[in-house]
Number of protein chains: 2
Amino acid sequence: MEPSNTFFTIAWRGDCVEMLDQRKLPLEESYVKLYSAQEVAGAISDMVIRGAPAIGVAAAMGIALGLKQSQAKDIEQLEKEFLNLYELLLYTRPTAVNLRWALDRMKLKFKSLSNRSVASVSAQMEREAMAVYQEDVEINRKMGQQGKKFILEGAQVLTYCNTGALATAGYGTALGVIRAAFEEGKSFEVFVSETRPYLQGLRLTSWELHKEGIPQTVITDNMAASLMAQKKIDAIFVGADRIARNGDTANKIGTYALAVLGHFHKIPFYVVAPTSTIDQACSSGQHIPIEERRREEIMVIQGHKMGLDDVAVYNPSFDVTPAQLISAIVTEKGVVEKPDEEKIAKLM
Amino acid sequence: MEPSNTFFTIAWRGDCVEMLDQRKLPLEESYVKLYSAQEVAGAISDMVIRGAPAIGVAAAMGIALGLKQSQAKDIEQLEKEFLNLYELLLYTRPTAVNLRWALDRMKLKFKSLSNRSVASVSAQMEREAMAVYQEDVEINRKMGQQGKKFILEGAQVLTYCNTGALATAGYGTALGVIRAAFEEGKSFEVFVSETRPYLQGLRLTSWELHKEGIPQTVITDNMAASLMAQKKIDAIFVGADRIARNGDTANKIGTYALAVLGHFHKIPFYVVAPTSTIDQACSSGQHIPIEERRREEIMVIQGHKMGLDDVAVYNPSFDVTPAQLISAIVTEKGVVEKPDEEKIAKLM
C-alpha cells in the first residue's frame, strides 16, 4: 500500500510502533521504535511524526499499543485505561482534528464491542487501528483521483508544507493529487515552498518528490509572490489540519498568505483533505484553536542557533484561510468547488 | 555619527577598510580589515556587508583605497586604474543602484579635479569617499524625521530585511524611521520578519533593535499575513535597492508579498530610501535587473546543510513592488504619497 517501497512513515510491529524520524530528514533516514503509548504521544508532540492524517493513525496505534500492554483484570479497568490513553494522545497537538477523529473512532469501537473480555477487546482494538491505517491510504488514493484533473499538462504548481506519504499513512493528500497526476503520465513542475519554521517543504516534500522523480524547484516562502507575478504558478495545492463547517480551513502557518496571494494573482487555490478533517462541530475558522509552539523552532534551525536568546518570538503553527479564498476542497467523497456550509453539508 | 557607540558597520582606517562581518551576526560580533579594493569587492559580493546604501559607501571606500595604493606614474595611468576599480566594484552586486550612484559620484569627482597630480587626486578622492559616508548618515537622519509621523503612538509596525545602521553608513532607512519615532519617545512594537534565505531580519534587525532597546517580536516571513488578518499590523516599513522613475521598487525578495498582503488588508506600505536609490534611467520595475544567488543560500543555513544536493533551487535576491501598492516613498527630500512618475520627477 505504500507509495514507495523505499521508506515508510509509520508501521505497526505488534509490540511497538515504528516511525521514520522526520526531524532528521532529508540528511538522515532513521527509524524509531516506540514501545508504549506514552512514547507514541511524545513522538507526536515532538514532531517525530507530523501531518494531520499521520498523527491520527499514530494516535490509533498508540491506543492499540496501550491496550495490548494493559494488565487490566476486567473490562471496567480496561475502559478506565482506555480513557486515560485517549486523553494522553488527544492533547499532544491541539489543531489537527484528525487526531480527535481517530481517537473518537477508537472510542466508538471500544464501546460497540459485544465480546467484552479484556483479551478480545484488546485484539479487536488492534485490528481497528490497522483499519484506520489502511483506510487512510485508500482515501488518499481516492483524493488523488478526484483532484488530478486540476493539474494540467505542462503546468507549474505550488505546494506547501508536507502533505505527502510522510504526512499520512501513505501516498498523501495535496501531494497525493500531485502523485496521481504524475502516475497518469502528465509532465509538470512542482514548486516546493520551504515552510518555515520547521522546513517541511525543503526537508520532507523535496525528499519525497526526489524519491518519486517528480520535477521540482525549491523556494523560500517569501518567493512565491514573485513567481506568481511572473505568471509561473498555475495552481496552488495545500492540505488541511481542520476544516470548519463553512469551509474555513486551518493549515500550516503561511497557507493563508498563499491563498491571499493566489486570489490577488487569480491563481486557483485547492485544499486537499479527507472528510475526517471536516469538523462538523466547528461553525467557522474563528473557533479553531491555533497551536503556538516553542520559540526555539524559529530561533534554532535544525539544532543550530540563529537568533538572540532574549528576543520575543511569535510562533503559531497554523493559520486560517477563509472559505472565500478557496477555489475547491478535494476530498475522497468528491470535490466541493467554492465551498460553503451548504455544499459541505451536502458532501457529508 | 553612529547610531550606537557599541558597534560600527564600516570605517575608513587610512590603510584599510574595516567592516563588521554581518555573516556572523548575531552570535558573533567580529570585524574584518580589507587591505585592497579587491578585498573590498569580495566583501561586497560575499555579503560581509550588505544593504544598498552601505554597499555604496563600501564601493566609494574601495575606490579610495585602490587609488591610495596606486603606483601610477601619471594621471593617465591613474585614470586607467580608476576605471578598472570602477568596473571591479560595480559588478559585485547587480540590483542596488546606490552602488552605481556612489561609483558615478566618485567618477565625476575624479574628472572634475583641477589639480591633476597623482598624490593630490588620490587625497581628494579619499576625502570624497569620506563625504559619501558622512552624507549617508545625515540623509538617513533626515529620512527618519520625514517618516516618523507614520508611526503612531501604540502602533504595531512590521519591518522587513535589515534597513538599519548595518545596511547604511549608520542610523538606517526604514529602521531609521523606526529609530526616529523611538527617539521621540513614542511607544510601539516592531514585528521583525526573519527574511529568508539570508535571515537579515532575524539576525541583523533583531540584533540592532535589541541594542537600542526597541520592543520587538520576531516572526518567520510566512506569519505576517496571519498577523495582518488579526489586525496586529498597523503599518509596514521597508527599504529599497532601486526605485524606477515611476515608483516601482526593487527590494529584498519577499517585499512584494508584503505589499500585496498589506493592500489586501488595507495596511499602509511605506518605502524608505534616499533619492540616490531612484534610478532616473529606469522607466519601470520590469527594467530592473534581479540578482539570482547561489543555491546554497537556501539549502545551507548559516553553514548548516538542510536540503538535498541534487534538487533545483530558485534564489532571486530581490522582487519588484509596483508603485500602485506603495502608500508613500519617504526620502531625505520629502515624502511622495501614492508615488508616480510625475510626483517623483517633481521631488528630484
# chains A, B, ... in the order shown; residues from 1 in each chain; ligands from 1

$ residues_around --residues "region 139-156 of chain A" --least-positions-apart "2" --cutoff "8 Å" --atoms "only C-alpha atoms" --output "PyMOL selection string"
chain A and resi 135-137+158+170-174+176-181+186-191+232-235+272-274+330-335

$ write_last_selection --atoms "N, CA, C and O atoms" --output "short mmCIF file (atom, residue, chain, number, x, y, z; two decimals), in the first residue's frame"
data_model
loop_
_atom_site.label_atom_id
_atom_site.label_comp_id
_atom_site.auth_asym_id
_atom_site.auth_seq_id
_atom_site.Cartn_x
_atom_site.Cartn_y
_atom_site.Cartn_z
N GLU A 135 -7.31 2.41 5.69
CA GLU A 135 -8.30 3.28 5.04
C GLU A 135 -7.70 4.63 4.68
O GLU A 135 -8.09 5.24 3.69
N ASP A 136 -6.74 5.10 5.50
CA ASP A 136 -6.14 6.39 5.18
C ASP A 136 -5.44 6.34 3.82
O ASP A 136 -5.59 7.25 2.99
N VAL A 137 -4.71 5.26 3.57
CA VAL A 137 -4.03 5.14 2.27
C VAL A 137 -5.06 5.09 1.14
O VAL A 137 -4.91 5.77 0.11
N LEU A 158 2.30 25.00 -7.24
CA LEU A 158 2.98 25.32 -5.98
C LEU A 158 2.39 24.45 -4.89
O LEU A 158 1.17 24.31 -4.79
N GLY A 170 0.22 6.97 3.99
CA GLY A 170 0.92 6.75 2.73
C GLY A 170 0.25 7.52 1.61
O GLY A 170 -0.91 7.91 1.73
N TYR A 171 0.99 7.82 0.55
CA TYR A 171 0.50 8.49 -0.66
C TYR A 171 0.35 9.99 -0.51
O TYR A 171 0.96 10.74 -1.25
N GLY A 172 -0.48 10.45 0.44
CA GLY A 172 -0.57 11.89 0.65
C GLY A 172 -1.88 12.51 0.23
O GLY A 172 -2.68 11.89 -0.50
N THR A 173 -2.10 13.74 0.68
CA THR A 173 -3.34 14.48 0.35
C THR A 173 -3.05 15.39 -0.86
O THR A 173 -3.24 14.96 -1.99
N ALA A 174 -2.58 16.62 -0.59
CA ALA A 174 -2.24 17.51 -1.72
C ALA A 174 -1.14 16.88 -2.58
O ALA A 174 -1.19 16.91 -3.81
N GLY A 176 -0.65 13.76 -2.79
CA GLY A 176 -1.29 12.61 -3.42
C GLY A 176 -1.90 12.99 -4.76
O GLY A 176 -1.83 12.23 -5.74
N VAL A 177 -2.49 14.17 -4.83
CA VAL A 177 -3.03 14.68 -6.10
C VAL A 177 -1.88 14.83 -7.11
O VAL A 177 -2.01 14.44 -8.28
N ILE A 178 -0.77 15.40 -6.64
CA ILE A 178 0.40 15.56 -7.50
C ILE A 178 0.92 14.19 -7.95
O ILE A 178 1.23 13.98 -9.13
N ARG A 179 0.97 13.22 -7.01
CA ARG A 179 1.39 11.85 -7.36
C ARG A 179 0.48 11.24 -8.41
O ARG A 179 0.95 10.61 -9.37
N ALA A 180 -0.84 11.42 -8.22
CA ALA A 180 -1.80 10.81 -9.14
C ALA A 180 -1.64 11.38 -10.54
O ALA A 180 -1.69 10.65 -11.54
N ALA A 181 -1.43 12.70 -10.63
CA ALA A 181 -1.25 13.33 -11.94
C ALA A 181 0.04 12.81 -12.59
O ALA A 181 0.09 12.58 -13.80
N LYS A 186 1.33 12.74 -16.79
CA LYS A 186 1.40 14.17 -17.09
C LYS A 186 2.80 14.70 -16.77
O LYS A 186 3.44 14.26 -15.82
N SER A 187 3.25 15.66 -17.58
CA SER A 187 4.50 16.32 -17.17
C SER A 187 4.19 17.71 -16.66
O SER A 187 3.40 18.46 -17.25
N PHE A 188 4.77 18.02 -15.57
CA PHE A 188 4.54 19.32 -14.91
C PHE A 188 5.68 19.53 -13.93
O PHE A 188 6.48 18.62 -13.68
N GLU A 189 5.74 20.74 -13.35
CA GLU A 189 6.79 21.05 -12.39
C GLU A 189 6.17 21.49 -11.07
O GLU A 189 5.15 22.18 -11.05
N VAL A 190 6.79 21.06 -9.99
CA VAL A 190 6.30 21.43 -8.67
C VAL A 190 7.26 22.45 -8.05
O VAL A 190 8.46 22.20 -7.97
N PHE A 191 6.72 23.59 -7.62
CA PHE A 191 7.50 24.50 -6.78
C PHE A 191 7.21 24.14 -5.33
O PHE A 191 6.05 24.06 -4.92
N LYS A 232 4.32 32.28 -13.21
CA LYS A 232 4.98 30.97 -13.20
C LYS A 232 4.27 29.97 -12.31
O LYS A 232 4.78 28.86 -12.11
N ILE A 233 3.14 30.34 -11.72
CA ILE A 233 2.37 29.41 -10.90
C ILE A 233 0.96 29.31 -11.49
O ILE A 233 0.26 30.32 -11.62
N ASP A 234 0.54 28.08 -11.86
CA ASP A 234 -0.78 27.89 -12.44
C ASP A 234 -1.82 27.43 -11.42
O ASP A 234 -3.03 27.59 -11.64
N ALA A 235 -1.37 26.82 -10.34
CA ALA A 235 -2.31 26.34 -9.32
C ALA A 235 -1.56 26.10 -8.02
O ALA A 235 -0.36 25.83 -8.03
N VAL A 272 -6.71 20.00 -0.24
CA VAL A 272 -6.94 18.56 -0.41
C VAL A 272 -6.91 17.91 0.97
O VAL A 272 -5.88 17.97 1.67
N ALA A 273 -8.03 17.32 1.38
CA ALA A 273 -8.10 16.74 2.73
C ALA A 273 -9.22 15.71 2.79
O ALA A 273 -10.26 15.87 2.15
N PRO A 274 -9.01 14.65 3.59
CA PRO A 274 -10.09 13.67 3.77
C PRO A 274 -11.25 14.29 4.55
O PRO A 274 -11.06 15.26 5.27
N VAL A 330 -10.87 19.33 -2.16
CA VAL A 330 -10.87 18.00 -2.77
C VAL A 330 -10.88 16.97 -1.63
O VAL A 330 -9.98 16.95 -0.80
N THR A 331 -11.92 16.13 -1.58
CA THR A 331 -12.00 15.07 -0.56
C THR A 331 -12.12 13.72 -1.27
O THR A 331 -12.29 13.67 -2.50
N GLU A 332 -12.10 12.65 -0.48
CA GLU A 332 -12.27 11.32 -1.06
C GLU A 332 -13.69 11.10 -1.56
O GLU A 332 -13.94 10.23 -2.39
N LYS A 333 -14.64 11.92 -1.06
CA LYS A 333 -16.03 11.75 -1.47
C LYS A 333 -16.42 12.64 -2.64
O LYS A 333 -17.55 12.58 -3.13
N GLY A 334 -15.52 13.52 -3.03
CA GLY A 334 -15.82 14.41 -4.14
C GLY A 334 -15.19 15.77 -3.94
O GLY A 334 -14.54 16.02 -2.92
N VAL A 335 -15.38 16.62 -4.95
CA VAL A 335 -14.79 17.95 -4.94
C VAL A 335 -15.87 18.98 -4.63
O VAL A 335 -16.95 18.94 -5.24
#

$ interface_residues --of "chain B" --to "chain A" --cutoff "8 Å" --atoms "only C-alpha atoms" --output "PyMOL selection string"
chain B and resi 26-27+195-197+202-203+206-207+210+216-226+253-257+260-261+264+298-299+302+304+306-308+311-316+319-320

$ calpha_fit_and_write --fixed "chain B" --moving "chain A" --output "compact mmCIF listing (two decimals) with C-alpha atoms, in the first residue's frame"
# COMPACT_ATOMS: atom_id res chain seq x y z
CA MET A 1 27.61 60.05 13.86
CA GLU A 2 26.96 56.37 14.60
CA PRO A 3 23.53 55.54 16.02
CA SER A 4 25.14 53.39 18.64
CA ASN A 5 28.58 53.58 20.17
CA THR A 6 28.67 49.85 20.64
CA PHE A 7 29.31 48.90 17.02
CA PHE A 8 30.07 50.28 13.56
CA THR A 9 29.15 48.93 10.14
CA ILE A 10 32.07 50.26 8.11
CA ALA A 11 35.04 52.52 8.87
CA TRP A 12 37.91 54.04 6.92
CA ARG A 13 41.24 53.29 8.59
CA GLY A 14 43.63 55.09 6.22
CA ASP A 15 45.39 51.93 5.11
CA CYS A 16 42.34 49.66 5.05
CA VAL A 17 38.56 49.47 5.26
CA GLU A 18 37.19 47.82 8.38
CA MET A 19 33.76 46.18 8.41
CA LEU A 20 31.58 44.31 10.86
CA ASP A 21 31.22 40.79 9.40
CA GLN A 22 27.44 40.65 9.08
CA ARG A 23 27.49 36.99 8.06
CA LYS A 24 28.36 36.06 11.64
CA LEU A 25 25.79 38.17 13.47
CA PRO A 26 24.11 37.98 15.90
CA LEU A 27 26.07 35.20 17.59
CA GLU A 28 29.50 36.67 16.88
CA GLU A 29 30.46 40.33 16.60
CA SER A 30 33.69 40.31 14.64
CA TYR A 31 35.35 42.80 12.33
CA VAL A 32 37.39 42.25 9.18
CA LYS A 33 40.07 44.54 7.74
CA LEU A 34 40.27 44.74 3.97
CA TYR A 35 43.63 45.93 2.64
CA SER A 36 42.83 46.28 -1.06
CA ALA A 37 39.99 47.27 -3.39
CA GLN A 38 39.86 43.61 -4.47
CA GLU A 39 39.21 42.54 -0.89
CA VAL A 40 36.52 45.21 -0.53
CA ALA A 41 34.85 43.95 -3.73
CA GLY A 42 34.97 40.39 -2.40
CA ALA A 43 33.40 41.50 0.88
CA ILE A 44 30.52 43.12 -1.04
CA SER A 45 29.80 40.05 -3.21
CA ASP A 46 30.17 37.69 -0.24
CA MET A 47 27.80 39.86 1.80
CA VAL A 48 30.20 40.61 4.65
CA ILE A 49 28.48 43.98 4.19
CA ARG A 50 25.06 44.35 2.54
CA GLY A 51 22.24 46.88 2.27
CA ALA A 52 22.02 49.24 -0.70
CA PRO A 53 23.39 52.41 0.97
CA ALA A 54 26.12 50.51 2.84
CA ILE A 55 27.48 48.89 -0.29
CA GLY A 56 27.55 52.31 -1.96
CA VAL A 57 29.73 53.57 0.88
CA ALA A 58 31.89 50.44 0.73
CA ALA A 59 32.40 50.87 -3.02
CA ALA A 60 33.45 54.52 -2.58
CA MET A 61 35.96 53.46 0.09
CA GLY A 62 37.16 50.65 -2.17
CA ILE A 63 37.95 53.21 -4.89
CA ALA A 64 39.73 55.47 -2.39
CA LEU A 65 41.80 52.55 -1.10
CA GLY A 66 42.74 51.37 -4.59
CA LEU A 67 43.84 54.85 -5.65
CA LYS A 68 45.81 55.42 -2.45
CA GLN A 69 47.78 52.23 -3.08
CA SER A 70 48.38 53.07 -6.73
CA GLN A 71 51.93 53.12 -8.10
CA ALA A 72 50.76 55.19 -11.08
CA LYS A 73 53.41 57.54 -12.49
CA ASP A 74 50.98 59.97 -14.06
CA ILE A 75 47.33 60.93 -14.06
CA GLU A 76 46.61 59.00 -17.30
CA GLN A 77 47.73 55.77 -15.68
CA LEU A 78 45.81 56.61 -12.50
CA GLU A 79 42.65 57.19 -14.54
CA LYS A 80 43.07 53.81 -16.22
CA GLU A 81 43.39 52.22 -12.79
CA PHE A 82 40.38 54.19 -11.57
CA LEU A 83 38.26 52.81 -14.40
CA ASN A 84 39.37 49.26 -13.58
CA LEU A 85 38.45 49.79 -9.93
CA TYR A 86 35.09 51.23 -11.01
CA GLU A 87 34.31 48.09 -13.06
CA LEU A 88 35.59 45.75 -10.35
CA LEU A 89 33.31 47.27 -7.73
CA LEU A 90 30.29 47.84 -9.98
CA TYR A 91 29.82 44.17 -10.81
CA THR A 92 29.87 42.89 -7.23
CA ARG A 93 26.05 43.15 -6.89
CA PRO A 94 23.73 43.93 -9.82
CA THR A 95 20.46 45.19 -8.31
CA ALA A 96 21.21 48.02 -5.87
CA VAL A 97 21.56 51.29 -7.75
CA ASN A 98 23.29 53.08 -4.86
CA LEU A 99 26.39 51.13 -5.79
CA ARG A 100 26.46 52.69 -9.26
CA TRP A 101 25.39 56.03 -7.82
CA ALA A 102 28.36 56.09 -5.41
CA LEU A 103 30.79 54.95 -8.10
CA ASP A 104 29.48 57.55 -10.57
CA ARG A 105 29.87 60.21 -7.92
CA MET A 106 33.49 59.14 -7.46
CA LYS A 107 33.98 59.22 -11.25
CA LEU A 108 32.51 62.70 -11.51
CA LYS A 109 34.84 63.87 -8.76
CA PHE A 110 37.82 62.26 -10.43
CA LYS A 111 37.10 64.03 -13.71
CA SER A 112 36.40 67.38 -12.06
CA LEU A 113 39.64 67.71 -10.10
CA SER A 114 41.76 70.60 -11.31
CA ASN A 115 44.99 69.72 -9.53
CA ARG A 116 45.90 66.61 -11.52
CA SER A 117 48.94 65.38 -9.63
CA VAL A 118 48.63 61.70 -8.65
CA ALA A 119 49.10 62.40 -4.94
CA SER A 120 46.58 65.25 -4.87
CA VAL A 121 43.94 63.34 -6.84
CA SER A 122 44.30 60.34 -4.57
CA ALA A 123 43.95 62.51 -1.45
CA GLN A 124 40.89 64.29 -2.78
CA MET A 125 39.26 61.01 -3.77
CA GLU A 126 39.80 59.78 -0.22
CA ARG A 127 38.00 62.87 1.07
CA GLU A 128 35.16 62.27 -1.39
CA ALA A 129 34.69 58.71 -0.08
CA MET A 130 34.52 60.17 3.45
CA ALA A 131 31.87 62.62 2.23
CA VAL A 132 29.79 59.77 0.77
CA TYR A 133 29.94 58.09 4.18
CA GLN A 134 29.09 61.21 6.22
CA GLU A 135 26.28 62.32 3.94
CA ASP A 136 24.67 58.88 4.09
CA VAL A 137 24.28 59.16 7.86
CA GLU A 138 22.89 62.70 7.55
CA ILE A 139 20.46 61.64 4.82
CA ASN A 140 19.27 58.75 6.97
CA ARG A 141 18.57 61.09 9.88
CA LYS A 142 16.57 63.36 7.55
CA MET A 143 14.51 60.39 6.32
CA GLY A 144 13.86 59.45 9.93
CA GLN A 145 12.45 62.92 10.55
CA GLN A 146 10.33 62.80 7.39
CA GLY A 147 8.89 59.36 8.10
CA LYS A 148 8.41 59.21 11.86
CA LYS A 149 4.90 60.71 11.67
CA PHE A 150 3.72 57.46 10.07
CA ILE A 151 4.37 55.57 13.32
CA LEU A 152 1.54 56.37 15.70
CA GLU A 153 1.70 56.03 19.48
CA GLY A 154 0.97 52.43 20.45
CA ALA A 155 1.32 51.16 16.88
CA GLN A 156 2.47 47.72 15.81
CA VAL A 157 4.68 48.00 12.76
CA LEU A 158 6.18 45.37 10.53
CA THR A 159 9.67 45.70 9.08
CA TYR A 160 11.49 43.51 6.64
CA CYS A 161 15.08 42.54 5.94
CA ASN A 162 17.62 44.89 7.52
CA THR A 163 17.43 48.57 6.73
CA GLY A 164 19.26 49.81 9.80
CA ALA A 165 22.69 51.06 10.72
CA LEU A 166 24.01 47.78 9.34
CA ALA A 167 22.54 48.49 5.90
CA THR A 168 23.86 52.04 5.71
CA ALA A 169 26.77 54.13 6.94
CA GLY A 170 24.69 54.46 10.11
CA TYR A 171 21.16 54.99 11.51
CA GLY A 172 19.25 53.32 8.69
CA THR A 173 16.46 53.93 6.18
CA ALA A 174 13.21 52.14 7.18
CA LEU A 175 14.80 51.28 10.52
CA GLY A 176 15.94 54.92 10.73
CA VAL A 177 12.28 55.96 10.69
CA ILE A 178 11.64 53.47 13.49
CA ARG A 179 14.69 54.86 15.39
CA ALA A 180 13.48 58.44 14.95
CA ALA A 181 10.01 57.60 16.27
CA PHE A 182 11.59 55.82 19.24
CA GLU A 183 13.99 58.71 19.97
CA GLU A 184 10.94 60.96 20.04
CA GLY A 185 9.60 58.88 22.92
CA LYS A 186 6.81 57.08 21.15
CA SER A 187 6.00 53.61 22.39
CA PHE A 188 5.27 51.01 19.78
CA GLU A 189 6.19 47.44 18.87
CA VAL A 190 8.16 46.21 15.89
CA PHE A 191 7.45 42.86 14.25
CA VAL A 192 10.65 41.67 12.60
CA SER A 193 10.17 39.31 9.66
CA GLU A 194 13.13 36.94 9.56
CA THR A 195 13.79 37.37 5.80
CA ARG A 196 14.87 34.09 4.31
CA PRO A 197 17.17 32.94 2.89
CA TYR A 198 19.80 35.17 4.46
CA LEU A 199 17.85 35.89 7.69
CA GLN A 200 18.69 39.60 7.73
CA GLY A 201 15.63 40.22 9.89
CA LEU A 202 16.23 37.52 12.46
CA ARG A 203 19.99 38.01 12.57
CA LEU A 204 20.59 41.72 11.89
CA THR A 205 17.45 43.79 12.51
CA SER A 206 16.65 41.88 15.68
CA TRP A 207 20.23 42.47 16.89
CA GLU A 208 20.05 46.21 16.15
CA LEU A 209 16.67 46.67 17.82
CA HIS A 210 17.92 44.73 20.83
CA LYS A 211 20.95 47.04 21.11
CA GLU A 212 18.61 50.05 20.99
CA GLY A 213 16.07 48.58 23.42
CA ILE A 214 13.20 48.94 20.95
CA PRO A 215 10.43 46.37 21.71
CA GLN A 216 10.31 43.66 19.08
CA THR A 217 8.84 40.28 18.20
CA VAL A 218 10.46 38.05 15.60
CA ILE A 219 8.31 36.10 13.13
CA THR A 220 9.01 33.94 10.10
CA ASP A 221 8.08 35.53 6.77
CA ASN A 222 5.01 33.35 6.29
CA MET A 223 3.44 34.59 9.55
CA ALA A 224 2.94 38.23 8.51
CA ALA A 225 -0.38 37.58 6.74
CA SER A 226 -1.85 35.92 9.81
CA LEU A 227 -0.86 38.92 11.97
CA MET A 228 -2.47 41.24 9.41
CA ALA A 229 -5.71 39.23 9.46
CA GLN A 230 -5.70 39.56 13.27
CA LYS A 231 -5.34 43.37 12.85
CA LYS A 232 -2.00 43.29 14.63
CA ILE A 233 -0.08 45.25 11.98
CA ASP A 234 -0.77 48.99 11.57
CA ALA A 235 1.95 49.85 9.05
CA ILE A 236 4.70 48.20 7.01
CA PHE A 237 8.15 49.79 6.54
CA VAL A 238 10.69 48.51 4.02
CA GLY A 239 13.81 49.84 2.32
CA ALA A 240 14.67 49.78 -1.40
CA ASP A 241 17.54 48.66 -3.57
CA ARG A 242 16.39 50.50 -6.69
CA ILE A 243 13.37 52.67 -7.43
CA ALA A 244 12.35 53.21 -11.07
CA ARG A 245 11.19 56.63 -12.35
CA ASN A 246 7.56 55.53 -12.01
CA GLY A 247 7.96 54.44 -8.37
CA ASP A 248 8.21 50.68 -8.94
CA THR A 249 10.57 49.46 -6.24
CA ALA A 250 13.04 46.59 -6.17
CA ASN A 251 13.78 45.40 -2.68
CA LYS A 252 14.67 42.17 -0.86
CA ILE A 253 12.75 39.13 -2.07
CA GLY A 254 9.51 38.90 -0.12
CA THR A 255 8.83 42.64 -0.11
CA TYR A 256 6.31 42.31 -2.94
CA ALA A 257 4.37 39.66 -0.97
CA LEU A 258 4.10 42.06 1.99
CA ALA A 259 2.90 44.85 -0.32
CA VAL A 260 0.14 42.64 -1.78
CA LEU A 261 -0.83 41.39 1.70
CA GLY A 262 -0.82 44.98 3.01
CA HIS A 263 -3.05 46.06 0.11
CA PHE A 264 -5.50 43.19 0.77
CA HIS A 265 -5.69 44.06 4.49
CA LYS A 266 -5.73 47.85 3.90
CA ILE A 267 -2.48 48.41 5.80
CA PRO A 268 -0.23 51.30 4.65
CA PHE A 269 3.00 50.21 3.00
CA TYR A 270 5.97 52.63 3.18
CA VAL A 271 9.23 52.51 1.25
CA VAL A 272 12.06 54.45 2.91
CA ALA A 273 15.09 55.20 0.71
CA PRO A 274 17.46 58.05 -0.14
CA THR A 275 17.00 59.74 -3.51
CA SER A 276 20.23 58.05 -4.60
CA THR A 277 18.11 54.87 -4.82
CA ILE A 278 15.92 56.41 -7.52
CA ASP A 279 17.24 55.37 -10.93
CA GLN A 280 16.24 58.10 -13.38
CA ALA A 281 17.49 55.96 -16.25
CA CYS A 282 15.00 53.23 -15.42
CA SER A 283 11.42 53.78 -16.56
CA SER A 284 9.73 50.94 -14.69
CA GLY A 285 10.30 47.91 -12.50
CA GLN A 286 10.46 45.48 -15.40
CA HIS A 287 13.81 47.01 -16.41
CA ILE A 288 15.46 46.42 -13.04
CA PRO A 289 17.92 43.51 -13.20
CA ILE A 290 17.22 40.94 -10.47
CA GLU A 291 20.26 39.22 -8.99
CA GLU A 292 19.98 35.45 -8.60
CA ARG A 293 22.26 33.99 -5.99
CA ARG A 294 23.69 30.55 -5.25
CA ARG A 295 21.52 27.54 -4.33
CA GLU A 296 23.49 27.09 -1.13
CA GLU A 297 21.90 30.22 0.38
CA ILE A 298 18.61 28.32 0.53
CA MET A 299 19.85 24.79 1.10
CA VAL A 300 22.56 25.64 3.65
CA ILE A 301 21.51 27.92 6.52
CA GLN A 302 24.40 29.70 8.25
CA GLY A 303 26.77 26.90 7.28
CA HIS A 304 24.40 24.07 8.17
CA LYS A 305 23.10 21.84 5.42
CA MET A 306 19.31 21.47 5.34
CA GLY A 307 18.24 20.16 1.93
CA LEU A 308 19.26 17.68 -0.72
CA ASP A 309 22.16 18.35 -3.09
CA ASP A 310 20.55 17.37 -6.35
CA VAL A 311 17.33 19.38 -6.13
CA ALA A 312 16.80 22.57 -8.16
CA VAL A 313 16.49 25.89 -6.36
CA TYR A 314 15.25 29.33 -7.44
CA ASN A 315 16.99 32.07 -5.45
CA PRO A 316 16.25 35.60 -6.65
CA SER A 317 17.61 38.15 -4.20
CA PHE A 318 15.00 40.81 -4.96
CA ASP A 319 11.49 41.33 -6.26
CA VAL A 320 9.68 44.34 -7.67
CA THR A 321 6.74 46.03 -5.96
CA PRO A 322 4.62 48.09 -8.37
CA ALA A 323 4.13 51.72 -7.37
CA GLN A 324 0.35 51.17 -7.12
CA LEU A 325 0.89 49.08 -3.98
CA ILE A 326 3.08 51.69 -2.24
CA SER A 327 1.36 54.17 0.09
CA ALA A 328 4.36 56.53 0.17
CA ILE A 329 8.06 56.73 -0.58
CA VAL A 330 9.96 58.50 2.21
CA THR A 331 13.20 60.21 1.07
CA GLU A 332 15.53 62.77 2.61
CA LYS A 333 13.98 65.40 0.34
CA GLY A 334 10.41 64.68 1.31
CA VAL A 335 7.59 62.17 1.21
CA VAL A 336 5.95 61.13 -2.06
CA GLU A 337 2.48 59.77 -1.31
CA LYS A 338 0.92 57.44 -3.89
CA PRO A 339 4.08 57.69 -5.97
CA ASP A 340 4.05 58.02 -9.77
CA GLU A 341 6.42 59.32 -12.44
CA GLU A 342 5.22 62.91 -12.21
CA LYS A 343 5.46 63.18 -8.42
CA ILE A 344 8.90 61.55 -8.38
CA ALA A 345 10.18 63.90 -11.13
CA LYS A 346 8.93 66.83 -9.05
CA LEU A 347 10.77 65.56 -5.95
CA MET A 348 14.05 65.23 -7.85

$ select_by_dssp --residues "region 1-244 of chain B" --states "strand (DSSP E)" --output "ChimeraX atom specification"
/B:10-12,17-20,31-34,156-160,189-193,216-219,235-238,242-244
